[in-house]
Amino acid sequence: MKFKTFAAFVAPSLVMMLLFIAAPLVSVFIGSFQLHQPVLQEVEEESCTPGFTGQTCTTTIVTRPVIAESGEMLTTTEWVGWTNYTRVLNPEAAWDAVTSFDWNALMQVDFWAALRFTLMFTLVTLPLVIGVGLAIALAVNNAAKHVRGPVIFVSLLPFIITPVIGALSIRWLFIGDGILTAGLEAWLDRDLALFAQAWTIELMMLFYRVWHVAPFAFVIFYAGLQTVNQDTLESAIIDGANRFERLRYVIVPHLAPLIVFIALIHLMDAYRVFEEIVGFTSQAHVISLQWLTYDFLQPDDSGNRAFGRASASAMLTMVGIVVLLIPLLRRTWRDHKGGSH
Amino acid sequence: MNLRPILMAGAISAVALPAAADCAYENDVSLRSLSAAFEAWTAVTDAMAECGNFEAELSQEFRTLQPEAMAANPALYQLGGVSNGTVTPLLNAETIRPLDDLVEQYGQQLRPNQLIRINGQTMAIAMMVNTQHLMYRADILEELDLDVPETWDEVLEVAAAIDEADMVDYPLGATMATGWNLAQDFNNMFLGYGGQFWNADGTPSVNSEAGVSALETMMEMTEYMDPEYLVSDSTYVQQQLQQGRIAMANLWASRGAAMDDEDESQVVGLVDAAAAPRAMEGGPPATTLWWDGIVIAANIPDEEAAAAFQVAMEGIDREMVEANNDAAIWLIEGYEPGRLAEGAIATASASPAPAAYPSTSQMGLMHSALGNELPAFFTGDVSAEEALAAVEAAYITSAQEAGVLE
Amino acid sequence: MSTPRAMRQPLALRLTSAGFLAFWCLIAAFPIVWIAVMSFKSPVDAFASNPFDVLFGPATRAAGNGLSLLDIVAGLVVLFYTVRLALNWLPRMVSRFAPGGQMLFGWIIAATGYAVAFVIAFFVILPAVLGVLNPILGPLGQPIVGLTTQHYQAVWVDNAFYRNFINSMVVTGGVVTISLTVGTLAGFALARSGSTIAFWLLIIALVFRALPHSVLVAGYLPFFVNSAEILRPWLGEAAPTLYGQPLAVIAVLVSINQPFTIWMLRSFFQNIPNELDEAARVDGCTHFQAFRLVIMPVMWPGVITTGLFSFLLAYNDFLVTSLLLDQSNQTMVPAIAGYFNRETTTTDQVEAVAAAVSITAPLFLLVMIFQRQIVSGLTAGAVKG
């Protein structure tokens with residue numbers, strides 16, 4: 001295909017990505033080295049606020065930004081080098097904690113606590129999603145033809161349901177004396193509070209993610225199982241391979257590209273874990289990297305946001321994903337070189 | 001599975017829509033408003049909509065959106081709904097206009113305490129106040145022959161007595177959900193102990209005696225609370241009280257009326273309200289005063305502003321209050337405090353009176369720092385002093401970033 | 001085709017497999033079924049800690065809302081036939097009446113019509129008939145299970161949720177259409193080009209997909225709100241305020257979804273033999289003509305599958321739509337968040353549950369109808385890695 005034709009075909013897609021993803025990305029990258037500040041002044045101000053009957057007036061010194069002739073706030077933009085990154089990473093406190101082997105102190109720095117959870121979440125859910133997805137696919141493939149339709153339908157439900165709603169529905173089952181907590185309490189004969197400590201919340205978040213994503217792995221594996229070469233399977237049987245060996249040496253290699261594909265998608269999605277933190281209000285116990293970025297960006301009541309730190313934390317998140325993806329990308333590169341048309 | 005009521009309701013609403021009812025002012029300028037989304041705002045904006053050509057946006061994201069939308073030229077919204085917290089960015093950027101001439105022309109029915117004045121200029125019109133009050137199960141206290149507690153020490157004693165008698169799941173509830181709620185509960189207690197957030201030079205001073213006492217009292221409270229308190233927001237606490245699982249809670253005043261809602265509550269008529277408890281003898285009730293009100297954008301033509309003001313006046317008039325009496329503690333003429341509003345009024349008129357929530361840039365930063373750093377104390381990872389030191393460190397970083405601290 | 005003997009499985013394995021599947025189906029369906037049950041109860045019942053109170057709804061029944069045995073049986077029969085018809089009769093009707101290229105639109109029209117017909121049959125005709133029958137039948141007609149549709153009434157009628165529904169359809173429809181149009185072109189070109197540029201484009205797309213969305217959205221907001229002012233030098237007075245415009249949100253969602261779309265479609269096109277379009281090129285077609293005449297007729301299974309993923313993304317999106325759309329253009333998912341505001345009550349929560357169930361219903365219908373296409377589309381090669 002000539003380059004010109006190629007460009008014409010790709011252009012619309014590329015322009016959209018450049019405009020709505022690359023442009024914000026560049027601004028985030030630049031922003032991570034900058035600090036925007038309003039020019040401030042101190043003024044004496046009398047403010048009156050209502051009580052139920054009367055009003056109380058107080059005179060205080062408050063900080064207000066300087067407003068220019070044009071009606072805009074005066075701001076300054078400063079290049080601050082790695083300052084934003086230092087503030088996010090807090091290397092001093094982290095290094096102190098590492099050298100004194102104080103895990104608890106390290107976990108008091110938000111970034112490292114978030115990194116710990118995000119990595120744990122990603123690496124634990126990955127094999128679970130692939131394993132559970134494969135198990136369901138094999139079981140469905142094994143089931144009688146007439147039940148397959150309904151079973152596939154039910155299996156896909158957790159995947160299609162709106163994530164916010166999925167997380168809420170699981171939360172309602174467990175929070176306070178939600179019916180599943182009540183059930184567990186009756187069964188174990190003790191009082192349970194699943195939202196009161198970190199490990200139970202983390203377990204619920206892991207469960208939710210696997211519940212939500214396993215169907216995606218399942219449907220792709222199931223599609224892959226439909227194209228397993230029957231001849232190879234039969235010759236494996238003639239060679240005396242047992243059921244497990246057939247799975248290990250024929251089916252899994254056939255599905256290998258799909259496993260890579262699912263791993264790729266899942267690594268990216270899990271590393272961005274965010275809905276779970278909000279859905280399970282777990283901020284007290286565990287936070288994730290994207291939540292950290294989000295939290296920097298959420299304005300407080302007075303409208304302050306930490307743009308610089310948010311940008312730095314977003315760039316760090318991206319670097320993390322790219323590092324995780326490198327092994328998979330190298331494989332794609334080999335395929336590309338080998339199998340190009 | 002009866003459909004008749006659905007069809008009926010559909011028919012009624014179809015008939016009711018075009019009739020722009022009870023509005024003395026007929027609006028012909030296209031107006032939009034942006035505010036938070038809770039019941040009082042629904043009531044007010046519905047009343048405004050009766051004047052015609054009015055579109056209300058009740059958004060959860062208004063905090064993110066409002067400063068940007070008001071700063072656009074022309075502003076995307078003529079009217080804004082704010083509280084004493086969220087008015088700060090608008091005051092800072094000067095994107096809302098002084099209302100004195102409009103008040104003089106169209107606002108005769110306003111009470112003087114509704115006018116929010118900064119340096120003598122009216123910048124906002126308050127419509128309601130909000131604060132905390134102690135809600136308690138009157139039947140339980142009576143059965144155990146206990147007095148209504150007035151200080152937090154007494155609350156803890158009463159809680160111990162209720163716990164002893166084992167009459168409810170947990171004697172106490174509190175809105176200690178991580179983040180904004182927990183920080184607000186700390187602020188209440190901290191101010192109740194006479195704490196000062198800043199030194200004279202602008203450096204933070206929460207790591208003080210008052211700060212440690214506040215955290216210790218809160219920790220003592222948690223012994224009588226549902227262990228899931230770090231996810232308990234006001235809705236959850238209200239629900240626990242309604243379902244009879246807790247006996248006492250220091251809750252927002254706007255939550256009061258729900259206790260007598262027969263559709264939701266299993267304790268109708270059993271809950272009473274008293275003033276928010278004091279943290280120390282002779283101190284103010286450990287709470288802060290809040291108001292919600294209306295502002296008008298600066299970046300719009302004067303005619304639009306006049307129309308917007310008149311529509312707003314129709315929204316916060318006597319008829320609206322009479323129709324929605326229990327939706328809030330209204331400041332508007334015609335409001336009749338109900339049984340469950342008494343506690344809030346007692347809080348607001350206590351002597352010494354609780355402070356108003358300080359609406360400054362610094363307070364916003366402090367609130368975020370508290371919300372982020374205090375949970376580590378409650379999960380047991382750090383001591384009170386360590387947590388408060390972390391709060392100060394976090395505050396210093398973000399204050400330097402925002403330019404309010406050298 | 002009979003299974004070869006060696007492929008037959010011992011009973012124990014089959015039982016384990018079936019047991020595992022049953023267990024999985026229970027876990028998969030339970031939370032969703034449970035919120036559906038909650039949505040029909042009064043607030044007191046919905047959040048009761050005793051599961052039987054939630055199921056049978058004593059407080060709801062006491063308030064005079066209940067179902068008799070007859071109601072339940074009749075309802076189940078109607079539901080059963082609805083599903084049967086959707087799975088068997090509907091696909092046949094669509095394939096008979098919709099012309100080849102317009103399958104997608106045929107499905108959209110058929111699904112909408114079917115949904116409307118179901119709502120009328122289930123919520124209008126059935127209650128009317130039962131309303132007559134119940135009093136006649138004595139004990140069979142007595143309510144045994146508490147059930148109320150008042151929350152659905154509050155959501156759809158009082159809170160005008162249908163407007164959010166229409167907005168959701170506009171945004172989702174726009175995203176799917178544009179995403180697929182733009183994506184098939186790019187996916188085709190990437191599949192047919194072995195150049196290094198193509199590879200790096202794919203890798204960059206992948207990195208784009210990895211970006212945390214909250215960062216992107218925060219970047220859009222100031223630009224969208226001030227776009228009229230920013231664009232005025234070029235567009236003059238016609239410069240639009242992008243904030244609140246469904247079109248702008250569609251563009252954002254399409255872009256966010258492009259990486260996944262072009263990856264899926266590229267792998268799919270790679271499995272359409274190269275010879276097909278090369279033969280057309282030999283016959284004198286340009287690349288575009290070859291694409292239109294030869295590739296388009298055979299690409300539908302992959303496109304439908306990819307389209308479903310686009311649909312899910314757009315329909316389920318919360319972060320982008322909640323921040324960039326105003327009230328009058330609000331879609332359903334952020335509208336639900338409106339129930340969880342500062343002053344949320346238990347009633348609000350049950351209404352939110354009813355709204356959540358309402359949101360899920362169209363997804364049900366979609367998967368029911370397209371289930372076979374998803375699997376066959378994936379099998380046909382959209383996921384060969």
# chains A, B, ... in the order shown; residues from 1 in each chain; ligands from 1

$ residues_around --residues "segment 355-371 of chain C" --least-positions-apart "3" --cutoff "7 Å" --atoms "only C-alpha atoms" --output "ChimeraX atom specification"
/A:153,160-161,165 /C:36,86-87,155,336,351-352,374-375

$ write_last_selection --atoms "N, CA and C atoms" --output "mmCIF file, in the first residue's frame"
data_model
loop_
_atom_site.group_PDB
_atom_site.id
_atom_site.type_symbol
_atom_site.label_atom_id
_atom_site.label_comp_id
_atom_site.auth_asym_id
_atom_site.auth_seq_id
_atom_site.Cartn_x
_atom_site.Cartn_y
_atom_site.Cartn_z
ATOM 1 N N PHE A 153 -25.224 -16.026 27.814
ATOM 2 C CA PHE A 153 -25.928 -14.787 28.128
ATOM 3 C C PHE A 153 -25.707 -14.380 29.585
ATOM 4 N N ILE A 160 -21.175 -6.559 30.794
ATOM 5 C CA ILE A 160 -21.892 -5.480 30.109
ATOM 6 C C ILE A 160 -22.471 -4.467 31.083
ATOM 7 N N ILE A 161 -22.677 -4.870 32.315
ATOM 8 C CA ILE A 161 -23.337 -3.951 33.248
ATOM 9 C C ILE A 161 -22.449 -2.725 33.481
ATOM 10 N N ILE A 165 -22.621 0.893 38.374
ATOM 11 C CA ILE A 165 -23.756 0.169 38.939
ATOM 12 C C ILE A 165 -23.317 -1.182 39.481
ATOM 13 N N ALA C 36 -32.449 -5.897 41.032
ATOM 14 C CA ALA C 36 -33.752 -5.853 40.356
ATOM 15 C C ALA C 36 -34.862 -6.092 41.366
ATOM 16 N N ALA C 86 -37.677 -13.148 21.194
ATOM 17 C CA ALA C 86 -36.506 -12.312 20.910
ATOM 18 C C ALA C 86 -35.385 -13.160 20.334
ATOM 19 N N LEU C 87 -35.273 -14.399 20.802
ATOM 20 C CA LEU C 87 -34.154 -15.227 20.353
ATOM 21 C C LEU C 87 -34.436 -15.892 19.010
ATOM 22 N N VAL C 155 -39.012 7.548 38.715
ATOM 23 C CA VAL C 155 -37.850 7.761 37.853
ATOM 24 C C VAL C 155 -38.267 8.200 36.462
ATOM 25 N N ILE C 336 -27.960 9.059 37.144
ATOM 26 C CA ILE C 336 -28.122 8.226 38.351
ATOM 27 C C ILE C 336 -27.338 8.805 39.515
ATOM 28 N N GLU C 351 -34.828 4.682 44.371
ATOM 29 C CA GLU C 351 -35.083 5.189 43.024
ATOM 30 C C GLU C 351 -33.844 5.036 42.157
ATOM 31 N N ALA C 352 -32.677 5.266 42.748
ATOM 32 C CA ALA C 352 -31.437 5.082 41.990
ATOM 33 C C ALA C 352 -31.308 3.634 41.562
ATOM 34 N N ILE C 374 -21.602 -11.839 18.545
ATOM 35 C CA ILE C 374 -20.370 -11.566 19.290
ATOM 36 C C ILE C 374 -19.429 -12.738 19.137
ATOM 37 N N VAL C 375 -19.959 -13.943 19.449
ATOM 38 C CA VAL C 375 -19.088 -15.112 19.417
ATOM 39 C C VAL C 375 -18.591 -15.374 18.002
#

$ residues_around --residues "Leu267 of chain A" --least-positions-apart "6" --cutoff "8 Å" --atoms "only C-alpha atoms" --output "list in words"
Thr122, Leu126, Ile321, Leu324 and Leu325 of chain A

$ residues_around --residues "Ile21 of chain A" --least-positions-apart "2" --cutoff "9 Å" --atoms "only C-alpha atoms" --output "VMD selection string"
(chain A and resid 16 to 19 23 to 26) or (chain C and resid 208 to 209 211 216 252 255 to 256)

$ interface_residues --of "chain A" --to "chain B" --cutoff "9 Å" --atoms "only C-alpha atoms" --output "JSON list (two decimals) with C-alpha atoms, in the first residue's frame"
[["chain", "number", "residue", "atom", "x", "y", "z"],
["A", 35, "LEU", "CA", 3.67, 25.74, 38.56],
["A", 36, "HIS", "CA", 0.77, 28.13, 37.96],
["A", 37, "GLN", "CA", 0.12, 30.59, 40.73],
["A", 38, "PRO", "CA", -2.22, 33.52, 41.01],
["A", 39, "VAL", "CA", -0.64, 36.81, 42.08],
["A", 40, "LEU", "CA", -2.00, 37.32, 45.58],
["A", 44, "GLU", "CA", -8.66, 43.52, 55.16],
["A", 45, "GLU", "CA", -12.22, 42.46, 54.63],
["A", 46, "GLU", "CA", -15.43, 42.70, 56.63],
["A", 47, "SER", "CA", -17.75, 39.81, 55.92],
["A", 48, "CYS", "CA", -21.22, 39.24, 57.34],
["A", 49, "THR", "CA", -22.79, 35.82, 57.60],
["A", 50, "PRO", "CA", -26.29, 34.94, 58.73],
["A", 51, "GLY", "CA", -27.23, 33.22, 61.94],
["A", 52, "PHE", "CA", -30.81, 32.09, 62.32],
["A", 53, "THR", "CA", -31.97, 35.41, 63.69],
["A", 54, "GLY", "CA", -29.24, 37.97, 63.36],
["A", 55, "GLN", "CA", -26.04, 38.40, 61.48],
["A", 56, "THR", "CA", -22.44, 38.21, 62.63],
["A", 57, "CYS", "CA", -19.90, 40.44, 60.98],
["A", 59, "THR", "CA", -13.21, 41.74, 59.97],
["A", 62, "VAL", "CA", -7.88, 37.52, 53.72],
["A", 63, "THR", "CA", -5.84, 36.59, 50.70],
["A", 64, "ARG", "CA", -7.38, 37.59, 47.37],
["A", 65, "PRO", "CA", -5.90, 37.32, 43.90],
["A", 66, "VAL", "CA", -5.04, 40.51, 42.00],
["A", 67, "ILE", "CA", -7.46, 41.13, 39.16],
["A", 71, "GLY", "CA", -11.03, 41.29, 34.43],
["A", 72, "GLU", "CA", -8.78, 38.22, 34.34],
["A", 73, "MET", "CA", -6.87, 36.96, 37.35],
["A", 87, "ARG", "CA", 6.37, 16.47, 45.92],
["A", 104, "ASN", "CA", 4.40, 1.38, 57.74],
["A", 105, "ALA", "CA", 6.25, 4.69, 57.29],
["A", 108, "GLN", "CA", 2.25, 6.87, 54.81],
["A", 175, "ILE", "CA", -22.13, -2.77, 53.51],
["A", 176, "GLY", "CA", -23.38, -2.58, 57.10],
["A", 193, "ALA", "CA", -17.72, -5.44, 59.45],
["A", 194, "LEU", "CA", -16.34, -5.88, 55.97],
["A", 195, "PHE", "CA", -15.75, -2.19, 55.38],
["A", 196, "ALA", "CA", -13.81, -1.69, 58.60],
["A", 197, "GLN", "CA", -10.36, -3.00, 57.65],
["A", 198, "ALA", "CA", -8.12, -2.88, 54.62],
["A", 280, "PHE", "CA", -16.21, 0.97, 47.75],
["A", 281, "THR", "CA", -15.10, 4.29, 49.36],
["A", 282, "SER", "CA", -11.83, 2.67, 50.27],
["A", 283, "GLN", "CA", -9.72, 5.86, 50.43],
["A", 284, "ALA", "CA", -9.11, 5.47, 54.15],
["A", 285, "HIS", "CA", -7.43, 2.13, 53.66],
["A", 298, "GLN", "CA", -10.66, 17.59, 42.47],
["A", 299, "PRO", "CA", -11.10, 21.23, 43.46],
["A", 300, "ASP", "CA", -11.76, 21.88, 47.13],
["A", 301, "ASP", "CA", -14.51, 24.25, 48.24],
["A", 302, "SER", "CA", -12.33, 27.26, 47.50],
["A", 303, "GLY", "CA", -11.51, 26.02, 44.02],
["A", 304, "ASN", "CA", -7.84, 25.09, 44.62],
["A", 305, "ARG", "CA", -6.48, 22.20, 42.62],
["A", 306, "ALA", "CA", -2.97, 20.78, 42.44],
["A", 308, "GLY", "CA", 1.23, 20.39, 38.77]]

$ residues_around --residues "Gly31 of chain A" --least-positions-apart "4" --cutoff "12 Å" --atoms "only C-alpha atoms" --output "PDB file with N, CA and C atoms, in the first residue's frame"
ATOM      1  N   PRO A  24      -3.985  16.881  24.880  1.00  0.00           N
ATOM      2  CA  PRO A  24      -4.020  16.949  26.343  1.00  0.00           C
ATOM      3  C   PRO A  24      -2.785  16.308  26.975  1.00  0.00           C
ATOM      4  N   LEU A  25      -2.299  15.224  26.337  1.00  0.00           N
ATOM      5  CA  LEU A  25      -1.131  14.538  26.887  1.00  0.00           C
ATOM      6  C   LEU A  25       0.082  15.468  26.911  1.00  0.00           C
ATOM      7  N   VAL A  26       0.286  16.186  25.787  1.00  0.00           N
ATOM      8  CA  VAL A  26       1.418  17.107  25.728  1.00  0.00           C
ATOM      9  C   VAL A  26       1.264  18.185  26.793  1.00  0.00           C
ATOM     10  N   SER A  27       0.035  18.690  26.936  1.00  0.00           N
ATOM     11  CA  SER A  27      -0.154  19.752  27.932  1.00  0.00           C
ATOM     12  C   SER A  27       0.065  19.208  29.345  1.00  0.00           C
ATOM     13  N   LEU A  35       4.502  25.394  37.419  1.00  0.00           N
ATOM     14  CA  LEU A  35       3.667  25.744  38.556  1.00  0.00           C
ATOM     15  C   LEU A  35       2.912  27.017  38.204  1.00  0.00           C
ATOM     16  N   HIS A  36       1.588  26.941  38.194  1.00  0.00           N
ATOM     17  CA  HIS A  36       0.771  28.131  37.957  1.00  0.00           C
ATOM     18  C   HIS A  36       0.347  28.693  39.292  1.00  0.00           C
ATOM     19  N   THR A  77       3.452  31.797  35.681  1.00  0.00           N
ATOM     20  CA  THR A  77       3.792  30.416  35.375  1.00  0.00           C
ATOM     21  C   THR A  77       5.290  30.271  35.496  1.00  0.00           C
ATOM     22  N   GLU A  78       5.693  29.274  36.248  1.00  0.00           N
ATOM     23  CA  GLU A  78       7.101  29.135  36.570  1.00  0.00           C
ATOM     24  C   GLU A  78       7.546  27.734  36.184  1.00  0.00           C
ATOM     25  N   TRP A  79       8.734  27.624  35.579  1.00  0.00           N
ATOM     26  CA  TRP A  79       9.294  26.288  35.332  1.00  0.00           C
ATOM     27  C   TRP A  79       9.965  25.828  36.612  1.00  0.00           C
ATOM     28  N   VAL A  80       9.535  24.690  37.140  1.00  0.00           N
ATOM     29  CA  VAL A  80      10.045  24.294  38.445  1.00  0.00           C
ATOM     30  C   VAL A  80      10.835  22.998  38.389  1.00  0.00           C
ATOM     31  N   GLY A  81      11.155  22.535  37.188  1.00  0.00           N
ATOM     32  CA  GLY A  81      11.953  21.316  37.086  1.00  0.00           C
ATOM     33  C   GLY A  81      11.214  20.123  37.668  1.00  0.00           C
ATOM     34  N   TRP A  82      11.913  19.357  38.493  1.00  0.00           N
ATOM     35  CA  TRP A  82      11.308  18.130  39.005  1.00  0.00           C
ATOM     36  C   TRP A  82      10.523  18.348  40.300  1.00  0.00           C
ATOM     37  N   THR A  83      10.300  19.603  40.690  1.00  0.00           N
ATOM     38  CA  THR A  83       9.667  19.851  41.984  1.00  0.00           C
ATOM     39  C   THR A  83       8.347  19.100  42.149  1.00  0.00           C
ATOM     40  N   ASN A  84       7.500  19.143  41.103  1.00  0.00           N
ATOM     41  CA  ASN A  84       6.207  18.461  41.214  1.00  0.00           C
ATOM     42  C   ASN A  84       6.394  16.967  41.446  1.00  0.00           C
ATOM     43  N   TYR A  85       7.367  16.401  40.731  1.00  0.00           N
ATOM     44  CA  TYR A  85       7.626  14.971  40.896  1.00  0.00           C
ATOM     45  C   TYR A  85       8.120  14.679  42.316  1.00  0.00           C
ATOM     46  N   ALA A 306      -4.414  20.934  42.588  1.00  0.00           N
ATOM     47  CA  ALA A 306      -2.974  20.781  42.435  1.00  0.00           C
ATOM     48  C   ALA A 306      -2.675  20.284  41.022  1.00  0.00           C
ATOM     49  N   PHE A 307      -2.745  21.184  40.031  1.00  0.00           N
ATOM     50  CA  PHE A 307      -2.535  20.779  38.639  1.00  0.00           C
ATOM     51  C   PHE A 307      -1.157  20.179  38.423  1.00  0.00           C
ATOM     52  N   GLY A 308      -0.133  20.854  38.994  1.00  0.00           N
ATOM     53  CA  GLY A 308       1.231  20.390  38.774  1.00  0.00           C
ATOM     54  C   GLY A 308       1.438  18.979  39.282  1.00  0.00           C
ATOM     55  N   ARG A 309       1.008  18.738  40.522  1.00  0.00           N
ATOM     56  CA  ARG A 309       1.196  17.410  41.088  1.00  0.00           C
ATOM     57  C   ARG A 309       0.350  16.377  40.357  1.00  0.00           C
ATOM     58  N   ALA A 310      -0.881  16.784  39.920  1.00  0.00           N
ATOM     59  CA  ALA A 310      -1.721  15.853  39.172  1.00  0.00           C
ATOM     60  C   ALA A 310      -1.028  15.446  37.881  1.00  0.00           C
ATOM     61  N   SER A 311      -0.428  16.436  37.192  1.00  0.00           N
ATOM     62  CA  SER A 311       0.254  16.116  35.935  1.00  0.00           C
ATOM     63  C   SER A 311       1.414  15.175  36.195  1.00  0.00           C
ATOM     64  N   ALA A 312       2.186  15.472  37.229  1.00  0.00           N
ATOM     65  CA  ALA A 312       3.327  14.611  37.533  1.00  0.00           C
ATOM     66  C   ALA A 312       2.858  13.199  37.859  1.00  0.00           C
ATOM     67  N   SER A 313       1.803  13.087  38.665  1.00  0.00           N
ATOM     68  CA  SER A 313       1.320  11.764  39.047  1.00  0.00           C
ATOM     69  C   SER A 313       0.760  11.024  37.830  1.00  0.00           C
ATOM     70  N   ALA A 314       0.117  11.764  36.901  1.00  0.00           N
ATOM     71  CA  ALA A 314      -0.395  11.128  35.684  1.00  0.00           C
ATOM     72  C   ALA A 314       0.754  10.610  34.832  1.00  0.00           C
ATOM     73  N   MET A 315       1.832  11.400  34.698  1.00  0.00           N
ATOM     74  CA  MET A 315       2.968  10.954  33.898  1.00  0.00           C
ATOM     75  C   MET A 315       3.600   9.710  34.525  1.00  0.00           C
TER      76      MET A 315
ATOM     77  N   VAL C 215      -7.253  12.463  33.753  1.00  0.00           N
ATOM     78  CA  VAL C 215      -6.326  13.493  33.296  1.00  0.00           C
ATOM     79  C   VAL C 215      -6.844  14.156  32.030  1.00  0.00           C
ATOM     80  N   GLY C 219      -8.250  18.114  31.305  1.00  0.00           N
ATOM     81  CA  GLY C 219      -7.696  18.968  30.263  1.00  0.00           C
ATOM     82  C   GLY C 219      -8.764  19.557  29.373  1.00  0.00           C
TER      83      GLY C 219
END

$ interface_residues --of "chain C" --to "chain A" --cutoff "6 Å" --atoms "only C-alpha atoms" --output "PyMOL selection string"
chain C and resi 17+28+31+49+51+182+185-186+189+193-194+210+214+216+219+255+316+375+378-379+385

$ write_last_selection --atoms "C-alpha atoms" --output "mmCIF file, in the first residue's frame"
data_model
loop_
_atom_site.group_PDB
_atom_site.id
_atom_site.type_symbol
_atom_site.label_atom_id
_atom_site.label_comp_id
_atom_site.auth_asym_id
_atom_site.auth_seq_id
_atom_site.Cartn_x
_atom_site.Cartn_y
_atom_site.Cartn_z
ATOM 1 C CA SER C 17 -17.718 -28.952 34.858
ATOM 2 C CA ALA C 28 -22.660 -13.732 37.688
ATOM 3 C CA PRO C 31 -26.008 -9.105 42.252
ATOM 4 C CA SER C 49 -30.984 -7.077 56.514
ATOM 5 C CA PRO C 51 -33.065 -11.495 52.788
ATOM 6 C CA VAL C 182 -13.289 6.120 11.162
ATOM 7 C CA LEU C 185 -10.758 2.797 7.408
ATOM 8 C CA ALA C 186 -7.777 3.007 9.737
ATOM 9 C CA ALA C 189 -5.033 0.416 6.188
ATOM 10 C CA SER C 193 0.448 -1.992 5.479
ATOM 11 C CA GLY C 194 3.488 -3.791 6.827
ATOM 12 C CA ALA C 210 -3.317 3.447 28.712
ATOM 13 C CA SER C 214 -9.379 11.652 34.630
ATOM 14 C CA LEU C 216 -7.779 13.861 29.818
ATOM 15 C CA GLY C 219 -7.696 18.968 30.263
ATOM 16 C CA SER C 255 -11.187 9.405 20.240
ATOM 17 C CA ASN C 316 -21.546 3.083 30.284
ATOM 18 C CA VAL C 375 -19.088 -15.112 19.417
ATOM 19 C CA LEU C 378 -14.706 -13.021 17.570
ATOM 20 C CA THR C 379 -14.294 -16.506 16.124
ATOM 21 C CA GLY C 385 -3.767 -11.146 18.694
#

$ closest_residue --among "B:Met135, B:Leu141, B:Cys51, B:Ala253" --to "chain C" --atoms "only C-alpha atoms"
B:Ala253

$ residues_around --residues "Gln243 of chain B" --least-positions-apart "6" --cutoff "7 Å" --atoms "only C-alpha atoms" --output "VMD selection string"
chain B and resid 265 to 267

$ decode --residues "segment 314-333 of chain A" --atoms "C-alpha atoms" --output "short mmCIF file (atom, residue, chain, number, x, y, z; two decimals), in the first residue's frame"
data_model
loop_
_atom_site.label_atom_id
_atom_site.label_comp_id
_atom_site.auth_asym_id
_atom_site.auth_seq_id
_atom_site.Cartn_x
_atom_site.Cartn_y
_atom_site.Cartn_z
CA ALA A 314 -0.40 11.13 35.68
CA MET A 315 2.97 10.95 33.90
CA LEU A 316 4.27 8.53 36.53
CA THR A 317 1.18 6.36 36.04
CA MET A 318 1.82 6.30 32.29
CA VAL A 319 5.45 5.36 32.75
CA GLY A 320 4.33 2.51 34.99
CA ILE A 321 1.95 1.15 32.37
CA VAL A 322 4.55 1.37 29.62
CA VAL A 323 7.05 -0.53 31.75
CA LEU A 324 4.48 -3.27 32.43
CA LEU A 325 3.61 -3.48 28.74
CA ILE A 326 7.16 -3.75 27.38
CA PRO A 327 7.38 -7.59 27.39
CA LEU A 328 4.03 -7.83 25.60
CA LEU A 329 4.97 -5.10 23.14
CA ARG A 330 8.20 -6.90 22.21
CA ARG A 331 6.14 -9.92 21.32
CA THR A 332 3.86 -7.79 19.15
CA TRP A 333 6.92 -6.35 17.43
#
